[in-house]
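Source file coords35.cif; content: mmCIF, C-alpha atoms and all ligand atoms.
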```cif
data_final
#
loop_
_atom_site.label_atom_id
_atom_site.label_comp_id
_atom_site.auth_asym_id
_atom_site.auth_seq_id
_atom_site.Cartn_x
_atom_site.Cartn_y
_atom_site.Cartn_z
CA MET A 1 11.72 3.77 -14.62
CA ALA A 2 9.69 4.52 -17.73
CA CYS A 3 9.74 8.28 -18.09
CA TRP A 4 6.80 8.36 -20.51
CA PHE A 5 4.37 7.33 -17.83
CA PRO A 6 3.57 10.25 -15.54
CA VAL A 7 3.37 8.41 -12.22
CA VAL A 8 5.90 10.64 -10.52
CA ASN A 9 4.29 13.79 -11.85
CA ILE A 10 1.02 13.79 -10.01
CA SER A 11 -1.06 16.55 -11.46
CA SER A 12 -4.31 15.58 -9.78
CA ALA A 13 -4.92 13.81 -6.48
CA ILE A 14 -8.60 13.50 -5.66
CA PHE A 15 -10.49 11.97 -2.75
CA ASP A 16 -12.94 9.41 -4.14
CA CYS A 17 -14.77 7.95 -1.20
CA SER A 18 -14.65 6.39 2.24
CA ALA A 19 -16.00 2.88 1.88
CA PRO A 20 -17.22 0.90 4.88
CA ASP A 21 -16.88 -2.39 2.97
CA LEU A 22 -15.71 -3.91 -0.30
CA ASP A 23 -19.13 -3.61 -1.95
CA SER A 24 -19.09 0.15 -1.38
CA CYS A 25 -15.74 0.61 -3.14
CA PRO A 26 -15.76 2.17 -6.62
CA ASP A 27 -15.52 -0.05 -9.71
CA GLU A 28 -12.27 -1.88 -10.32
CA SER A 29 -11.31 -0.05 -13.49
CA LEU A 30 -8.20 1.62 -12.04
CA PRO A 31 -5.12 -0.10 -10.58
CA GLU A 32 -4.85 0.34 -6.82
CA PHE A 33 -1.99 0.54 -4.35
CA ALA A 34 -2.92 0.22 -0.70
CA PHE A 35 -1.26 1.10 2.61
CA ILE A 36 -1.60 -1.21 5.57
CA GLY A 37 0.24 -1.78 8.83
CA ARG A 38 -0.12 -1.46 12.56
CA SER A 39 -2.23 1.56 13.49
CA ASN A 40 -0.13 4.69 13.88
CA VAL A 41 2.76 3.35 11.77
CA GLY A 42 2.25 6.22 9.34
CA MET A 43 -0.03 4.89 6.58
CA SER A 44 -1.99 8.08 6.00
CA SER A 45 1.15 10.20 6.22
CA LEU A 46 2.90 8.09 3.62
CA LEU A 47 -0.10 8.30 1.29
CA ASN A 48 0.12 12.08 1.57
CA LEU A 49 3.84 12.03 0.86
CA LEU A 50 3.36 9.95 -2.28
CA SER A 51 0.43 12.00 -3.53
CA GLY A 52 2.32 15.24 -2.95
CA LYS A 53 -0.70 16.65 -1.08
CA LEU A 54 0.00 16.80 2.60
CA ASP A 55 -3.63 17.19 3.64
CA LEU A 56 -5.18 14.55 1.37
CA ALA A 57 -5.58 11.74 3.93
CA ARG A 58 -6.26 12.60 7.54
CA VAL A 59 -3.37 12.08 9.93
CA SER A 60 -3.61 11.81 13.71
CA PRO A 61 -1.35 10.92 16.63
CA THR A 62 -4.20 8.75 17.96
CA PRO A 63 -3.90 5.10 16.82
CA GLY A 64 -6.93 3.69 15.05
CA PHE A 65 -7.81 7.00 13.44
CA THR A 66 -8.43 5.68 9.89
CA LYS A 67 -11.57 3.55 10.17
CA LEU A 68 -12.78 3.21 6.59
CA ILE A 69 -11.33 2.23 3.22
CA ASN A 70 -10.32 5.67 1.96
CA ILE A 71 -9.76 5.80 -1.78
CA PHE A 72 -7.95 8.52 -3.74
CA THR A 73 -7.45 8.78 -7.50
CA MET A 74 -4.15 10.04 -8.91
CA ASN A 75 -3.91 11.52 -12.40
CA ARG A 76 -7.28 9.92 -13.06
CA THR A 77 -5.41 6.70 -13.89
CA TRP A 78 -4.52 4.92 -10.63
CA ARG A 79 -5.52 4.93 -7.00
CA LEU A 80 -4.00 5.08 -3.55
CA VAL A 81 -5.96 3.40 -0.78
CA ASP A 82 -5.62 4.25 2.90
CA LEU A 83 -6.75 1.28 4.97
CA PRO A 84 -7.63 1.00 8.65
CA GLY A 85 -4.62 -0.51 10.44
CA TYR A 86 -4.45 -3.51 12.72
CA GLY A 87 -3.35 -3.79 16.34
CA PHE A 88 -5.82 -1.29 17.62
CA ALA A 89 -8.90 -2.66 19.33
CA ALA A 90 -10.36 -1.75 22.66
CA GLY A 91 -8.97 -4.09 25.27
CA ALA A 92 -6.78 -5.93 22.75
CA ARG A 93 -3.41 -6.03 24.45
CA LYS A 94 -2.42 -9.31 22.89
CA ALA A 95 0.04 -9.22 20.02
CA LYS A 96 -2.35 -10.91 17.61
CA PHE A 97 -3.06 -9.10 14.42
CA LYS A 98 -6.68 -8.76 13.45
CA PHE A 99 -8.23 -6.31 11.10
CA ASN A 100 -11.83 -5.65 10.40
CA HIS A 101 -13.81 -7.75 7.97
CA ALA A 102 -13.82 -4.99 5.35
CA VAL A 103 -10.01 -4.90 5.18
CA ASP A 104 -9.78 -8.68 5.07
CA ASP A 105 -12.28 -8.71 2.23
CA TYR A 106 -10.55 -5.87 0.40
CA LEU A 107 -7.10 -7.45 0.56
CA LYS A 108 -8.33 -10.89 -0.49
CA HIS A 109 -10.83 -9.98 -3.17
CA ARG A 110 -10.11 -6.58 -4.71
CA THR A 111 -8.98 -7.58 -8.20
CA SER A 112 -7.65 -4.12 -9.04
CA LEU A 113 -5.29 -4.23 -6.06
CA CYS A 114 -1.83 -4.34 -7.64
CA CYS A 115 0.43 -3.99 -4.64
CA VAL A 116 0.18 -3.50 -0.90
CA PHE A 117 2.67 -1.33 0.88
CA ALA A 118 3.06 -3.21 4.17
CA LEU A 119 4.34 -0.69 6.68
CA LEU A 120 6.59 -1.46 9.64
CA ASP A 121 8.05 0.93 12.20
CA SER A 122 11.79 1.23 11.47
CA GLY A 123 12.43 2.10 15.12
CA LEU A 124 11.20 -1.23 16.45
CA PRO A 125 12.69 -4.72 16.43
CA PRO A 126 10.40 -7.34 14.84
CA GLN A 127 6.98 -7.28 16.45
CA GLU A 128 5.07 -10.54 16.57
CA ILE A 129 1.95 -8.82 15.31
CA ASP A 130 3.76 -7.59 12.17
CA VAL A 131 5.43 -10.93 11.52
CA GLU A 132 2.00 -12.56 11.72
CA PHE A 133 0.59 -10.01 9.33
CA VAL A 134 3.31 -10.57 6.73
CA ALA A 135 2.70 -14.31 7.05
CA TRP A 136 -0.99 -13.64 6.39
CA LEU A 137 -0.17 -11.62 3.25
CA ALA A 138 2.04 -14.42 1.96
CA ARG A 139 -0.54 -17.10 2.78
CA ASN A 140 -3.22 -15.19 0.94
CA SER A 141 -1.03 -14.42 -2.09
CA VAL A 142 -1.41 -10.68 -1.67
CA PRO A 143 1.36 -8.91 -3.61
CA PHE A 144 3.29 -6.63 -1.30
CA VAL A 145 6.49 -4.73 -0.59
CA LEU A 146 7.77 -3.90 2.88
CA VAL A 147 8.18 -0.26 3.87
CA PHE A 148 10.00 0.69 7.06
CA THR A 149 8.59 4.03 8.21
CA LYS A 150 9.61 6.99 10.39
CA THR A 151 13.33 6.67 9.67
CA ASP A 152 13.82 10.24 10.92
CA LYS A 153 13.15 9.06 14.48
CA VAL A 154 16.13 6.73 14.83
CA THR A 155 19.70 6.38 13.60
CA PRO A 156 20.41 4.75 10.23
CA ALA A 157 22.21 1.96 12.10
CA THR A 158 19.07 1.20 14.11
CA VAL A 159 16.96 1.18 10.95
CA GLN A 160 19.35 -1.27 9.28
CA ALA A 161 19.51 -3.50 12.36
CA ASN A 162 15.71 -3.65 12.61
CA ILE A 163 15.36 -4.38 8.90
CA ALA A 164 17.94 -7.15 9.15
CA ALA A 165 16.20 -8.65 12.18
CA PHE A 166 12.81 -8.57 10.47
CA THR A 167 14.05 -10.12 7.25
CA ALA A 168 15.82 -12.84 9.26
CA HIS A 169 12.41 -13.71 10.73
CA ILE A 170 10.65 -14.06 7.40
CA SER A 171 13.42 -15.12 5.01
CA GLY A 172 12.61 -18.83 5.33
CA TRP A 173 9.15 -18.26 3.89
CA PHE A 174 10.23 -16.90 0.54
CA GLU A 175 12.40 -18.03 -2.32
CA LYS A 176 13.07 -14.38 -2.93
CA LEU A 177 12.57 -11.80 -0.20
CA PRO A 178 9.93 -9.11 -0.72
CA ALA A 179 11.30 -5.77 -1.89
CA ILE A 180 12.20 -3.54 1.05
CA PHE A 181 12.01 0.25 1.23
CA THR A 182 12.46 2.89 3.89
CA CYS A 183 10.63 6.17 4.23
CA SER A 184 10.02 9.17 6.40
CA ALA A 185 6.93 11.25 5.79
CA MET A 186 8.42 13.86 8.07
CA ALA A 187 11.76 14.09 6.25
CA LYS A 188 10.07 13.47 2.88
CA GLN A 189 12.29 10.46 2.24
CA GLY A 190 11.40 7.46 0.10
CA ARG A 191 8.83 9.06 -2.20
CA GLU A 192 10.58 8.46 -5.50
CA GLU A 193 11.45 4.86 -4.70
CA LEU A 194 7.86 4.00 -3.80
CA LEU A 195 6.43 5.83 -6.78
CA GLY A 196 8.91 3.73 -8.76
CA VAL A 197 7.09 0.60 -7.56
CA ILE A 198 3.84 2.07 -8.84
CA ASP A 199 5.42 3.17 -12.08
CA GLU A 200 6.75 -0.34 -12.67
CA ALA A 201 3.35 -1.86 -11.99
CA MET A 202 1.57 0.62 -14.26
CA THR A 203 4.07 -0.02 -17.03
CA ALA A 204 3.50 -3.77 -16.70
CA ILE A 205 -0.28 -3.33 -16.79
CA GLN A 206 -0.03 -1.23 -19.88
CA ALA A 207 2.22 -3.78 -21.55
CA GLU A 208 -0.08 -6.63 -20.51
CA SER A 209 -3.22 -5.02 -21.84
CA GLY A 210 -1.53 -3.55 -24.90
CA GLN A 211 -3.65 -0.48 -24.43
CA ALA A 212 -2.60 2.96 -25.54
CA SER A 213 -5.64 5.04 -24.67
CA VAL A 214 -4.87 8.64 -23.82
CA SER A 215 -7.13 11.00 -21.90
CA ALA A 216 -7.95 14.55 -22.90
CA GLU A 217 -5.00 15.69 -20.76
CA GLY A 218 -2.67 13.33 -22.60
CA LEU A 219 -2.60 10.88 -19.70
CA PRO A 220 -2.82 7.15 -20.39
CA VAL A 221 -6.12 5.68 -19.20
CA PRO A 222 -7.00 2.01 -18.86
CA SER A 223 -9.34 0.81 -21.59
CA GLY A 224 -12.39 -1.42 -21.09
CA LYS A 225 -10.17 -4.21 -22.31
CA ALA A 226 -7.70 -3.46 -19.53
CA LYS A 227 -10.50 -3.90 -17.03
CA GLU A 228 -11.47 -7.23 -18.55
CA THR A 229 -7.92 -8.49 -18.45
CA ARG A 230 -7.66 -7.73 -14.73
CA LYS A 231 -10.05 -10.49 -13.70
CA ARG A 232 -7.03 -11.77 -11.82
CA ARG A 233 -4.44 -9.58 -10.17
CA PRO A 234 -1.54 -8.89 -12.52
CA ASP A 235 1.74 -10.62 -11.62
CA LEU A 236 3.52 -7.38 -11.16
CA VAL A 237 5.14 -6.84 -7.83
CA ARG A 238 4.96 -10.35 -6.52
CA PRO A 239 8.18 -10.70 -4.58
CA TRP A 240 8.09 -14.49 -4.44
N1 LIG A 301 8.52 11.43 13.14
C1 LIG A 301 7.64 10.96 12.25
N2 LIG A 301 6.34 10.90 12.58
C2 LIG A 301 5.47 10.41 11.66
C3 LIG A 301 5.90 9.96 10.38
N3 LIG A 301 4.82 9.51 9.72
C4 LIG A 301 3.77 9.68 10.54
N4 LIG A 301 4.16 10.23 11.70
C5 LIG A 301 3.29 10.57 12.82
O1 LIG A 301 2.72 9.37 13.33
C6 LIG A 301 1.38 9.61 13.74
C7 LIG A 301 0.43 8.67 13.00
O2 LIG A 301 0.46 9.00 11.63
P1 LIG A 301 -0.68 8.51 10.64
O3 LIG A 301 -0.20 8.75 9.27
O4 LIG A 301 -2.00 9.08 11.02
O5 LIG A 301 -0.67 6.96 10.96
P2 LIG A 301 -1.66 5.81 10.49
O6 LIG A 301 -0.82 4.61 10.28
O7 LIG A 301 -2.47 6.28 9.34
O8 LIG A 301 -2.54 5.62 11.78
P3 LIG A 301 -4.09 5.21 11.98
O9 LIG A 301 -4.90 5.76 10.87
O10 LIG A 301 -4.44 5.83 13.28
O11 LIG A 301 -4.11 3.72 12.04
C8 LIG A 301 1.08 11.08 13.45
O12 LIG A 301 1.32 11.82 14.63
C9 LIG A 301 2.12 11.44 12.39
O13 LIG A 301 2.47 12.82 12.39
C10 LIG A 301 7.29 10.04 10.07
O14 LIG A 301 7.76 9.68 8.99
N5 LIG A 301 8.11 10.54 11.04
MG MG A 302 -4.47 6.56 9.07
#
```
Is it possible to give me this structure as structure tokens?
Amino acid sequence: MACWFPVVNISSAIFDCSAPDLDSCPDESLPEFAFIGRSNVGMSSLLNLLSGKLDLARVSPTPGFTKLINIFTMNRTWRLVDLPGYGFAAGARKAKFKFNHAVDDYLKHRTSLCCVFALLDSGLPPQEIDVEFVAWLARNSVPFVLVFTKTDKVTPATVQANIAAFTAHISGWFEKLPAIFTCSAMAKQGREELLGVIDEAMTAIQAESGQASVSAEGLPVPSGKAKETRKRRPDLVRPW
């Protein structure tokens, strides 16, 4: 991990906006890292863990709580994005993943989206709805890593067994499996590893754009040129 880039040291974590659709999102000048998964899997909690601010995104035991695209800026240089999850719709008992149009649009078209953290419950064997979702990410060339959440709720052996079962399901789709992480927002586990993913992406962006702009606080900031060069998503954390 490049120690000169202050991803791990988050000195400011600010709520930007709650966007109902892609058009309402802020400009694409800052790299973004988004959380998505089945509702209640712990997306908002993980965002809080990474940001170091436990009350930044709103957490609730009620599935379907996050309903908008909630955007937060870290160190004024990159963003975390809390998305509405899938698998929660009135009357939808069927294991078919479906998210709202805004999320579909965001994941497919947000050019500043560098990497999606696709969250899965570490306490569950592979769920059809999650397998379908990962297939959708792959089909749509969305860069992602897999994050198995809530590891504090089950034994390490169960976590490993569920990870192995999930990867067995999807391994045929990839030349190289997506990177896999575990985390527990409750036990504060996994923060450094996931910030490492962001750090790696930010380092690659900086190298790609050759920019060395520094803000008044001494923090690197993307230049206008960096924005121009991100017409396409950078090939940063593509696991295949
Ligand atoms: N034991 C345990 N509980 C967790 C963990 N992470 C989240 N939770 C709990 O799971 C519930 C849902 O957490 P959220 O972070 O709101 O989940 P979400 O994925 O954002 O859910 P929606 O916004 O409703 O789709 C809350 O009661 C959290 O306290 C974890 O690591 N361990
Ligand atoms: Mg949420």
Close residues to ligand LIG 301 (chain A) using all atoms listed in the file, limit 7 Å, as a VMD selection string: chain A and resid 37 to 46 58 to 66 84 to 85 149 to 153 183 to 187
Could you write out that same residue set with C-alpha atoms as a compact mmCIF listing (two decimals), in the frame of the given file?
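This went into out.txt:
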```txt
# COMPACT_ATOMS: atom_id res chain seq x y z
CA GLY A 37 0.24 -1.78 8.83
CA ARG A 38 -0.12 -1.46 12.56
CA SER A 39 -2.23 1.56 13.49
CA ASN A 40 -0.13 4.69 13.88
CA VAL A 41 2.76 3.35 11.77
CA GLY A 42 2.25 6.22 9.34
CA MET A 43 -0.03 4.89 6.58
CA SER A 44 -1.99 8.08 6.00
CA SER A 45 1.15 10.20 6.22
CA LEU A 46 2.90 8.09 3.62
CA ARG A 58 -6.26 12.60 7.54
CA VAL A 59 -3.37 12.08 9.93
CA SER A 60 -3.61 11.81 13.71
CA PRO A 61 -1.35 10.92 16.63
CA THR A 62 -4.20 8.75 17.96
CA PRO A 63 -3.90 5.10 16.82
CA GLY A 64 -6.93 3.69 15.05
CA PHE A 65 -7.81 7.00 13.44
CA THR A 66 -8.43 5.68 9.89
CA PRO A 84 -7.63 1.00 8.65
CA GLY A 85 -4.62 -0.51 10.44
CA THR A 149 8.59 4.03 8.21
CA LYS A 150 9.61 6.99 10.39
CA THR A 151 13.33 6.67 9.67
CA ASP A 152 13.82 10.24 10.92
CA LYS A 153 13.15 9.06 14.48
CA CYS A 183 10.63 6.17 4.23
CA SER A 184 10.02 9.17 6.40
CA ALA A 185 6.93 11.25 5.79
CA MET A 186 8.42 13.86 8.07
CA ALA A 187 11.76 14.09 6.25
```
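Separating atom CA of Val145 of chain A from atom CA of Asp105 of chain A is a distance of 19.4 Å.
Proximity to Val134 of chain A at 12 Å, evaluated using all atoms listed in the file and with sequence-adjacent residues fewer than 6 positions away removed, yields Ile36, Gly37, Arg38, Phe97, Val116, Phe117, Ala118, Leu119, Leu120, Pro126, Gln127, Glu128, Asn140, Ser141, Val142, Pro143, Phe144, Val145, Leu146, Val147, Phe166, Thr167, His169, Ile170, Ser171, Trp173, Phe174, Leu177 and Pro178 of chain A.
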Around segment 52-70 of chain A, with edges along x, y and z and 4 Å added on all six sides, what centre and edge lengths do you get, in Å to one decimal, as AutoDock Vina command-line options?
```
--center_x -5.2 --center_y 9.7 --center_z 7.5 --size_x 23.1 --size_y 23.0 --size_z 28.9
```
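Nearest to Gln206 of chain A of all the residues A:Phe88, A:Phe15, A:Tyr106, A:Trp78 is A:Trp78, counting all atoms listed in the file.
Take the candidates A:Ala168, A:Gly87, A:Val103, A:Lys176 and check each one against Asp130 of chain A using all atoms listed in the file; the shortest distance goes to A:Gly87.
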Of the listed residues A:Ala165, A:Leu49, A:Leu30, A:Leu137, that which approaches Arg191 of chain A most closely, counting all atoms listed in the file: A:Leu49
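Pairwise distance (atom CA of Pro125 of chain A, atom CA of Lys188 of chain A) equals 22.8 Å.
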Residue contacts of Ile69 of chain A (7 Å, only C-alpha atoms) excluding same-chain residues fewer than 6 positions away, as a PyMOL selection string: chain A and resi 18-20+81-84
Show which residues sit within 12 Å of segment 71-73 of chain A, as a JSON list (two decimals) with C-alpha atoms, in the frame of the given file. Count only C-alpha atoms, and ignore same-chain residues fewer than 5 positions away.
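Output file result.json is given in full below:
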```json
[["chain", "number", "residue", "atom", "x", "y", "z"],
["A", 7, "VAL", "CA", 3.37, 8.41, -12.22],
["A", 10, "ILE", "CA", 1.02, 13.79, -10.01],
["A", 11, "SER", "CA", -1.06, 16.55, -11.46],
["A", 12, "SER", "CA", -4.31, 15.58, -9.78],
["A", 13, "ALA", "CA", -4.92, 13.81, -6.48],
["A", 14, "ILE", "CA", -8.60, 13.50, -5.66],
["A", 15, "PHE", "CA", -10.49, 11.97, -2.75],
["A", 16, "ASP", "CA", -12.94, 9.41, -4.14],
["A", 17, "CYS", "CA", -14.77, 7.95, -1.20],
["A", 18, "SER", "CA", -14.65, 6.39, 2.24],
["A", 19, "ALA", "CA", -16.00, 2.88, 1.88],
["A", 20, "PRO", "CA", -17.22, 0.90, 4.88],
["A", 21, "ASP", "CA", -16.88, -2.39, 2.97],
["A", 22, "LEU", "CA", -15.71, -3.91, -0.30],
["A", 24, "SER", "CA", -19.09, 0.15, -1.38],
["A", 25, "CYS", "CA", -15.74, 0.61, -3.14],
["A", 26, "PRO", "CA", -15.76, 2.17, -6.62],
["A", 27, "ASP", "CA", -15.52, -0.05, -9.71],
["A", 28, "GLU", "CA", -12.27, -1.88, -10.32],
["A", 29, "SER", "CA", -11.31, -0.05, -13.49],
["A", 30, "LEU", "CA", -8.20, 1.62, -12.04],
["A", 31, "PRO", "CA", -5.12, -0.10, -10.58],
["A", 32, "GLU", "CA", -4.85, 0.34, -6.82],
["A", 33, "PHE", "CA", -1.99, 0.54, -4.35],
["A", 34, "ALA", "CA", -2.92, 0.22, -0.70],
["A", 35, "PHE", "CA", -1.26, 1.10, 2.61],
["A", 44, "SER", "CA", -1.99, 8.08, 6.00],
["A", 47, "LEU", "CA", -0.10, 8.30, 1.29],
["A", 48, "ASN", "CA", 0.12, 12.08, 1.57],
["A", 50, "LEU", "CA", 3.36, 9.95, -2.28],
["A", 51, "SER", "CA", 0.43, 12.00, -3.53],
["A", 53, "LYS", "CA", -0.70, 16.65, -1.08],
["A", 56, "LEU", "CA", -5.18, 14.55, 1.37],
["A", 57, "ALA", "CA", -5.58, 11.74, 3.93],
["A", 66, "THR", "CA", -8.43, 5.68, 9.89],
["A", 78, "TRP", "CA", -4.52, 4.92, -10.63],
["A", 79, "ARG", "CA", -5.52, 4.93, -7.00],
["A", 80, "LEU", "CA", -4.00, 5.08, -3.55],
["A", 81, "VAL", "CA", -5.96, 3.40, -0.78],
["A", 82, "ASP", "CA", -5.62, 4.25, 2.90],
["A", 83, "LEU", "CA", -6.75, 1.28, 4.97],
["A", 84, "PRO", "CA", -7.63, 1.00, 8.65],
["A", 106, "TYR", "CA", -10.55, -5.87, 0.40],
["A", 113, "LEU", "CA", -5.29, -4.23, -6.06]]
```
Two-atom distance - atom CA of Trp136 of chain A, atom CA of His101 of chain A (Å): 14.2 Å
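With all atoms listed in the file as the basis for measurement, A:Glu175 is the residue among A:Glu175, A:Glu193, A:Asp23, A:Glu200 that approaches Ala138 of chain A most closely.
Nearest residue to ligand MG 302 (chain A) among A:Asn75, A:Ser209, A:Thr203, A:Asn70 is A:Asn70, counting only C-alpha atoms and all ligand atoms.
Using all atoms listed in the file, the smallest distance between any of A:Ala204, A:Leu124, A:Leu107, A:Cys115 and Val154 of chain A comes from A:Leu124.
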